[in-house]
Amino acid sequence: MSSKDWLKSIKDAKKTAIIQNGCRKVHYLFETNKEMVEEYHVDTGVIIRRIWREKGKLGQDAGWIVEIGDPEPKFRGTVDINGIQESVTAPSISRRMTKSSLEWRIRNLSYPKDVYSVTAEEDETITVRTSNKKYFKKIVVPDLQRIGLKPKQENISFSHRFDTLIISYKKPALLLEVEKEILDQVIQLKTRNEDVQCPTS
């Protein structure tokens, strides 16, 4: 997909918007019947949350998938269909967005910083490895895929504190332009205001 394709799909989607809890919430229904909901901080225009829903092959609701923001909470004590319960100490990943960067936080990684390598790969992922071979993760970057860009190593930085690996990817100029154009569309939408105080994210 190119940036023009993505911008056209945003423009052509049916959109509704409300302001609630200090956040501008926009629901998109695309021609493919996919749905996307974005929440923007009213003051900064930064995306706080982005979730997707699409129908399964048989038309069933596949549920919402979180792209940006914290994953949906899992209830402790629940056991999946195979009788296996996910450990609360297992590494977990979540995504954040700032004005200038894409960010990922991988919690429950207790190894020192010099153990990690974070690299841009030819398969268009950002890959996290540890020299002790205890952790390996390929991170897909849909923000770049949607506008036809591949991750570049020079845009990657990372830090480690409180058992959390924080990966930052500097937004390229094209992504900043696309985000601005979409935000301009969002701000112009007819919006119902149900505002209260916005929680900081």
# chains A, B, ... in the order shown; residues from 1 in each chain; ligands from 1

call {"tool": "residues_around", "arguments": {"residues": "Arg146 (chain A)", "least_positions_apart": "4", "cutoff": "9 Å", "atoms": "only C-alpha atoms", "output": "PyMOL selection string"}}
result
chain A and resi 1-3+5-6+141-142

call {"tool": "residues_around", "arguments": {"residues": "region 63-69 of chain A", "least_positions_apart": "5", "cutoff": "12 Å", "atoms": "only C-alpha atoms", "output": "MDAnalysis selection string"}}
result
chainID A and resid 34:40 46:56 93:98 102:105 139:143 201

call {"tool": "select_by_dssp", "arguments": {"residues": "region 10-184 of chain A", "states": "alpha helix (DSSP H)", "output": "ChimeraX atom specification"}}
result
/A:10-12,142-145,173-184

call {"tool": "write_last_selection", "arguments": {"atoms": "all heavy atoms", "output": "compact mmCIF listing (two decimals), in the first residue's frame"}}
result
# COMPACT_ATOMS: atom_id res chain seq x y z
N ILE A 10 -8.91 6.34 4.03
CA ILE A 10 -9.38 7.14 5.17
C ILE A 10 -10.45 8.13 4.70
O ILE A 10 -11.50 8.29 5.33
CB ILE A 10 -8.20 7.89 5.82
CG1 ILE A 10 -7.28 6.91 6.57
CG2 ILE A 10 -8.69 8.99 6.75
CD1 ILE A 10 -7.86 6.34 7.84
N LYS A 11 -10.18 8.79 3.58
CA LYS A 11 -11.13 9.78 3.05
C LYS A 11 -12.46 9.15 2.68
O LYS A 11 -13.53 9.71 2.94
CB LYS A 11 -10.51 10.48 1.83
CG LYS A 11 -11.38 11.59 1.26
CD LYS A 11 -10.69 12.27 0.08
CE LYS A 11 -11.57 13.38 -0.48
NZ LYS A 11 -10.93 14.03 -1.66
N ASP A 12 -12.41 7.94 2.10
CA ASP A 12 -13.63 7.28 1.61
C ASP A 12 -14.41 6.56 2.72
O ASP A 12 -15.57 6.20 2.52
CB ASP A 12 -13.28 6.26 0.52
CG ASP A 12 -12.77 6.93 -0.75
OD1 ASP A 12 -12.94 8.15 -0.88
OD2 ASP A 12 -12.18 6.22 -1.60
N PRO A 142 2.77 -1.49 11.34
CA PRO A 142 1.71 -1.20 10.36
C PRO A 142 1.69 0.25 9.90
O PRO A 142 1.32 0.54 8.76
CB PRO A 142 0.41 -1.57 11.10
CG PRO A 142 0.78 -1.65 12.54
CD PRO A 142 2.21 -2.03 12.60
N ASP A 143 2.11 1.20 10.77
CA ASP A 143 2.14 2.62 10.37
C ASP A 143 3.02 2.82 9.15
O ASP A 143 2.71 3.64 8.28
CB ASP A 143 2.66 3.49 11.52
CG ASP A 143 1.87 3.31 12.79
OD1 ASP A 143 2.11 2.31 13.50
OD2 ASP A 143 0.99 4.13 13.05
N LEU A 144 4.14 2.09 9.09
CA LEU A 144 5.04 2.19 7.94
C LEU A 144 4.52 1.37 6.76
O LEU A 144 4.56 1.83 5.62
CB LEU A 144 6.44 1.72 8.33
CG LEU A 144 7.15 2.50 9.44
CD1 LEU A 144 8.55 1.94 9.67
CD2 LEU A 144 7.22 3.99 9.13
N GLN A 145 4.02 0.16 7.03
CA GLN A 145 3.51 -0.69 5.95
C GLN A 145 2.40 0.00 5.17
O GLN A 145 2.34 -0.09 3.94
CB GLN A 145 2.98 -2.00 6.53
CG GLN A 145 4.06 -2.94 7.03
CD GLN A 145 3.49 -4.25 7.54
OE1 GLN A 145 2.32 -4.34 7.89
NE2 GLN A 145 4.33 -5.27 7.58
N ALA A 173 9.59 11.64 7.65
CA ALA A 173 8.85 12.83 7.21
C ALA A 173 7.52 12.46 6.54
O ALA A 173 6.50 13.12 6.77
CB ALA A 173 9.72 13.65 6.25
N LEU A 174 7.51 11.39 5.73
CA LEU A 174 6.28 11.01 5.04
C LEU A 174 5.19 10.61 6.04
O LEU A 174 4.02 10.98 5.85
CB LEU A 174 6.55 9.85 4.07
CG LEU A 174 5.33 9.33 3.29
CD1 LEU A 174 4.70 10.45 2.46
CD2 LEU A 174 5.71 8.14 2.41
N LEU A 175 5.55 9.89 7.08
CA LEU A 175 4.55 9.50 8.09
C LEU A 175 4.00 10.72 8.81
O LEU A 175 2.79 10.82 9.05
CB LEU A 175 5.16 8.52 9.09
CG LEU A 175 4.23 8.03 10.21
CD1 LEU A 175 2.97 7.38 9.64
CD2 LEU A 175 4.97 7.06 11.13
N LEU A 176 4.86 11.67 9.13
CA LEU A 176 4.41 12.91 9.77
C LEU A 176 3.43 13.66 8.87
O LEU A 176 2.41 14.18 9.35
CB LEU A 176 5.61 13.80 10.12
CG LEU A 176 6.52 13.29 11.23
CD1 LEU A 176 7.80 14.12 11.28
CD2 LEU A 176 5.82 13.31 12.58
N GLU A 177 3.71 13.69 7.57
CA GLU A 177 2.81 14.37 6.63
C GLU A 177 1.45 13.67 6.56
O GLU A 177 0.40 14.32 6.56
CB GLU A 177 3.44 14.39 5.23
CG GLU A 177 4.65 15.30 5.11
CD GLU A 177 5.38 15.10 3.79
OE1 GLU A 177 4.79 14.47 2.87
OE2 GLU A 177 6.55 15.53 3.68
N VAL A 178 1.47 12.33 6.49
CA VAL A 178 0.23 11.56 6.42
C VAL A 178 -0.59 11.75 7.69
O VAL A 178 -1.81 11.96 7.64
CB VAL A 178 0.54 10.07 6.17
CG1 VAL A 178 -0.70 9.21 6.37
CG2 VAL A 178 1.09 9.87 4.76
N GLU A 179 0.07 11.67 8.84
CA GLU A 179 -0.64 11.85 10.12
C GLU A 179 -1.28 13.23 10.21
O GLU A 179 -2.41 13.37 10.68
CB GLU A 179 0.33 11.65 11.29
CG GLU A 179 0.73 10.21 11.49
CD GLU A 179 1.63 9.99 12.69
OE1 GLU A 179 2.20 10.99 13.20
OE2 GLU A 179 1.79 8.85 13.12
N LYS A 180 -0.57 14.25 9.73
CA LYS A 180 -1.11 15.62 9.76
C LYS A 180 -2.34 15.72 8.87
O LYS A 180 -3.36 16.32 9.27
CB LYS A 180 -0.06 16.63 9.32
CG LYS A 180 -0.57 18.08 9.37
CD LYS A 180 0.49 19.06 8.89
CE LYS A 180 -0.01 20.50 9.04
NZ LYS A 180 -1.29 20.75 8.34
N GLU A 181 -2.27 15.11 7.69
CA GLU A 181 -3.41 15.18 6.77
C GLU A 181 -4.63 14.47 7.35
O GLU A 181 -5.76 14.95 7.24
CB GLU A 181 -3.02 14.57 5.42
CG GLU A 181 -4.05 14.85 4.34
CD GLU A 181 -3.51 14.64 2.93
OE1 GLU A 181 -2.28 14.72 2.74
OE2 GLU A 181 -4.34 14.41 2.03
N ILE A 182 -4.41 13.32 7.99
CA ILE A 182 -5.52 12.59 8.60
C ILE A 182 -6.09 13.37 9.78
O ILE A 182 -7.31 13.48 9.94
CB ILE A 182 -5.08 11.18 9.03
CG1 ILE A 182 -4.75 10.34 7.79
CG2 ILE A 182 -6.17 10.50 9.87
CD1 ILE A 182 -4.13 8.99 8.10
N LEU A 183 -5.22 13.94 10.61
CA LEU A 183 -5.70 14.72 11.76
C LEU A 183 -6.51 15.94 11.29
O LEU A 183 -7.53 16.27 11.89
CB LEU A 183 -4.52 15.18 12.62
CG LEU A 183 -4.87 15.98 13.88
CD1 LEU A 183 -5.77 15.18 14.81
CD2 LEU A 183 -3.60 16.43 14.61
N ASP A 184 -6.08 16.56 10.19
CA ASP A 184 -6.84 17.69 9.65
C ASP A 184 -8.25 17.25 9.26
O ASP A 184 -9.24 17.96 9.50
CB ASP A 184 -6.12 18.28 8.42
CG ASP A 184 -4.86 19.06 8.79
OD1 ASP A 184 -4.71 19.39 9.98
OD2 ASP A 184 -4.04 19.32 7.90

call {"tool": "residues_around", "arguments": {"residues": "Glu154 (chain A)", "least_positions_apart": "3", "cutoff": "9 Å", "atoms": "only C-alpha atoms", "output": "JSON list (two decimals) with N, CA and C atoms, in the first residue's frame"}}
result
[["chain", "number", "residue", "atom", "x", "y", "z"],
["A", 120, "ALA", "N", 16.42, -3.31, 12.31],
["A", 120, "ALA", "CA", 15.49, -3.23, 11.18],
["A", 120, "ALA", "C", 15.84, -4.36, 10.22],
["A", 151, "PRO", "N", 11.21, -0.19, 7.81],
["A", 151, "PRO", "CA", 11.98, 0.36, 8.93],
["A", 151, "PRO", "C", 13.44, 0.58, 8.55],
["A", 157, "SER", "N", 16.02, 3.54, 18.34],
["A", 157, "SER", "CA", 16.78, 3.67, 19.59],
["A", 157, "SER", "C", 16.04, 2.88, 20.65],
["A", 169, "TYR", "N", 11.01, 4.57, 17.58],
["A", 169, "TYR", "CA", 11.31, 4.68, 16.16],
["A", 169, "TYR", "C", 10.94, 6.09, 15.72],
["A", 170, "LYS", "N", 11.92, 6.86, 15.30],
["A", 170, "LYS", "CA", 11.69, 8.24, 14.86],
["A", 170, "LYS", "C", 10.82, 8.25, 13.62]]

call {"tool": "select_by_dssp", "arguments": {"residues": "chain A", "states": "strand (DSSP E or B)", "output": "PyMOL selection string"}}
result
chain A and resi 14-20+23-29+35-41+47-55+61-69+92-97+101-107+116-120+125-130+136-140+156-161+164-170+191-194

call {"tool": "residues_around", "arguments": {"residues": "Thr127 (chain A)", "least_positions_apart": "5", "cutoff": "12 Å", "atoms": "only C-alpha atoms", "output": "list of chain:residue names"}}
result
A:Trp104, A:Tyr116, A:Ser117, A:Val118, A:Thr119, A:Ala120, A:Glu121, A:Glu122, A:Tyr135, A:Phe136, A:Lys137, A:Lys138, A:Ile139, A:Val140, A:Val141, A:Pro151, A:Lys152, A:Gln153, A:Ile156, A:Ile167

call {"tool": "write_last_selection", "arguments": {"atoms": "C-alpha atoms", "output": "short mmCIF file (atom, residue, chain, number, x, y, z; two decimals), in the first residue's frame"}}
result
data_model
loop_
_atom_site.label_atom_id
_atom_site.label_comp_id
_atom_site.auth_asym_id
_atom_site.auth_seq_id
_atom_site.Cartn_x
_atom_site.Cartn_y
_atom_site.Cartn_z
CA TRP A 104 6.91 -0.17 22.00
CA TYR A 116 19.54 -6.68 23.69
CA SER A 117 19.84 -5.90 20.01
CA VAL A 118 17.03 -4.16 18.10
CA THR A 119 17.38 -4.26 14.32
CA ALA A 120 15.49 -3.23 11.18
CA GLU A 121 15.06 -6.33 9.00
CA GLU A 122 14.53 -6.99 5.28
CA TYR A 135 14.02 -13.64 24.07
CA PHE A 136 13.22 -13.12 20.38
CA LYS A 137 10.43 -10.99 18.93
CA LYS A 138 9.55 -9.71 15.45
CA ILE A 139 7.58 -6.45 15.62
CA VAL A 140 5.39 -5.53 12.65
CA VAL A 141 5.12 -1.76 12.02
CA PRO A 151 11.98 0.36 8.93
CA LYS A 152 15.45 1.95 8.86
CA GLN A 153 18.09 1.17 11.46
CA ILE A 156 15.72 3.02 16.00
CA ILE A 167 11.94 0.91 21.77
#

call {"tool": "atom_distance", "arguments": {"atom1": "CA of Lys15 (chain A)", "atom2": "CA of Ala62 (chain A)"}}
result
21.0 Å

call {"tool": "closest_residue", "arguments": {"among": "A:Ser168, A:Ser9, A:Thr89, A:Asn21", "to": "Arg107 (chain A)", "atoms": "only C-alpha atoms"}}
result
A:Thr89

call {"tool": "residues_around", "arguments": {"residues": "Asp43 (chain A)", "least_positions_apart": "2", "cutoff": "10 Å", "atoms": "only C-alpha atoms", "output": "list in words"}}
result
Gly22, Cys23, Arg24, Tyr40, His41, Gly45, Val46 and Cys198 of chain A

call {"tool": "write_last_selection", "arguments": {"atoms": "N, CA, C and O atoms", "output": "mmCIF file, in the first residue's frame"}}
result
data_model
loop_
_atom_site.group_PDB
_atom_site.id
_atom_site.type_symbol
_atom_site.label_atom_id
_atom_site.label_comp_id
_atom_site.auth_asym_id
_atom_site.auth_seq_id
_atom_site.Cartn_x
_atom_site.Cartn_y
_atom_site.Cartn_z
ATOM 1 N N GLY A 22 -12.144 14.094 27.280
ATOM 2 C CA GLY A 22 -10.999 14.843 26.761
ATOM 3 C C GLY A 22 -10.332 14.213 25.563
ATOM 4 O O GLY A 22 -9.266 14.633 25.142
ATOM 5 N N CYS A 23 -10.947 13.174 25.011
ATOM 6 C CA CYS A 23 -10.383 12.464 23.864
ATOM 7 C C CYS A 23 -11.352 12.544 22.690
ATOM 8 O O CYS A 23 -12.555 12.408 22.865
ATOM 9 N N ARG A 24 -10.789 12.756 21.517
ATOM 10 C CA ARG A 24 -11.583 12.755 20.296
ATOM 11 C C ARG A 24 -11.605 11.319 19.764
ATOM 12 O O ARG A 24 -10.567 10.784 19.367
ATOM 13 N N TYR A 40 -7.840 10.299 19.929
ATOM 14 C CA TYR A 40 -6.816 11.335 19.902
ATOM 15 C C TYR A 40 -6.918 12.181 21.164
ATOM 16 O O TYR A 40 -8.024 12.515 21.595
ATOM 17 N N HIS A 41 -5.784 12.546 21.735
ATOM 18 C CA HIS A 41 -5.808 13.510 22.833
ATOM 19 C C HIS A 41 -6.192 14.867 22.245
ATOM 20 O O HIS A 41 -5.596 15.321 21.272
ATOM 21 N N GLY A 45 -3.357 16.211 19.920
ATOM 22 C CA GLY A 45 -3.604 15.589 18.626
ATOM 23 C C GLY A 45 -2.887 14.261 18.442
ATOM 24 O O GLY A 45 -2.884 13.698 17.345
ATOM 25 N N VAL A 46 -2.286 13.739 19.520
ATOM 26 C CA VAL A 46 -1.567 12.467 19.443
ATOM 27 C C VAL A 46 -2.547 11.312 19.647
ATOM 28 O O VAL A 46 -3.438 11.386 20.497
ATOM 29 N N CYS A 198 -9.934 14.550 30.521
ATOM 30 C CA CYS A 198 -9.225 13.464 29.840
ATOM 31 C C CYS A 198 -8.183 12.829 30.747
ATOM 32 O O CYS A 198 -7.410 13.547 31.371
#

call {"tool": "atom_distance", "arguments": {"atom1": "CA of Gly148 (chain A)", "atom2": "CA of Glu31 (chain A)"}}
result
20.4 Å

call {"tool": "residues_around", "arguments": {"residues": "Thr16 (chain A)", "least_positions_apart": "3", "cutoff": "8 Å", "atoms": "only C-alpha atoms", "output": "list in words"}}
result
Val26, His27, Tyr28, Leu189, Lys190 and Thr191 of chain A

call {"tool": "atom_distance", "arguments": {"atom1": "CA of Ile18 (chain A)", "atom2": "CA of Ile187 (chain A)"}}
result
10.7 Å
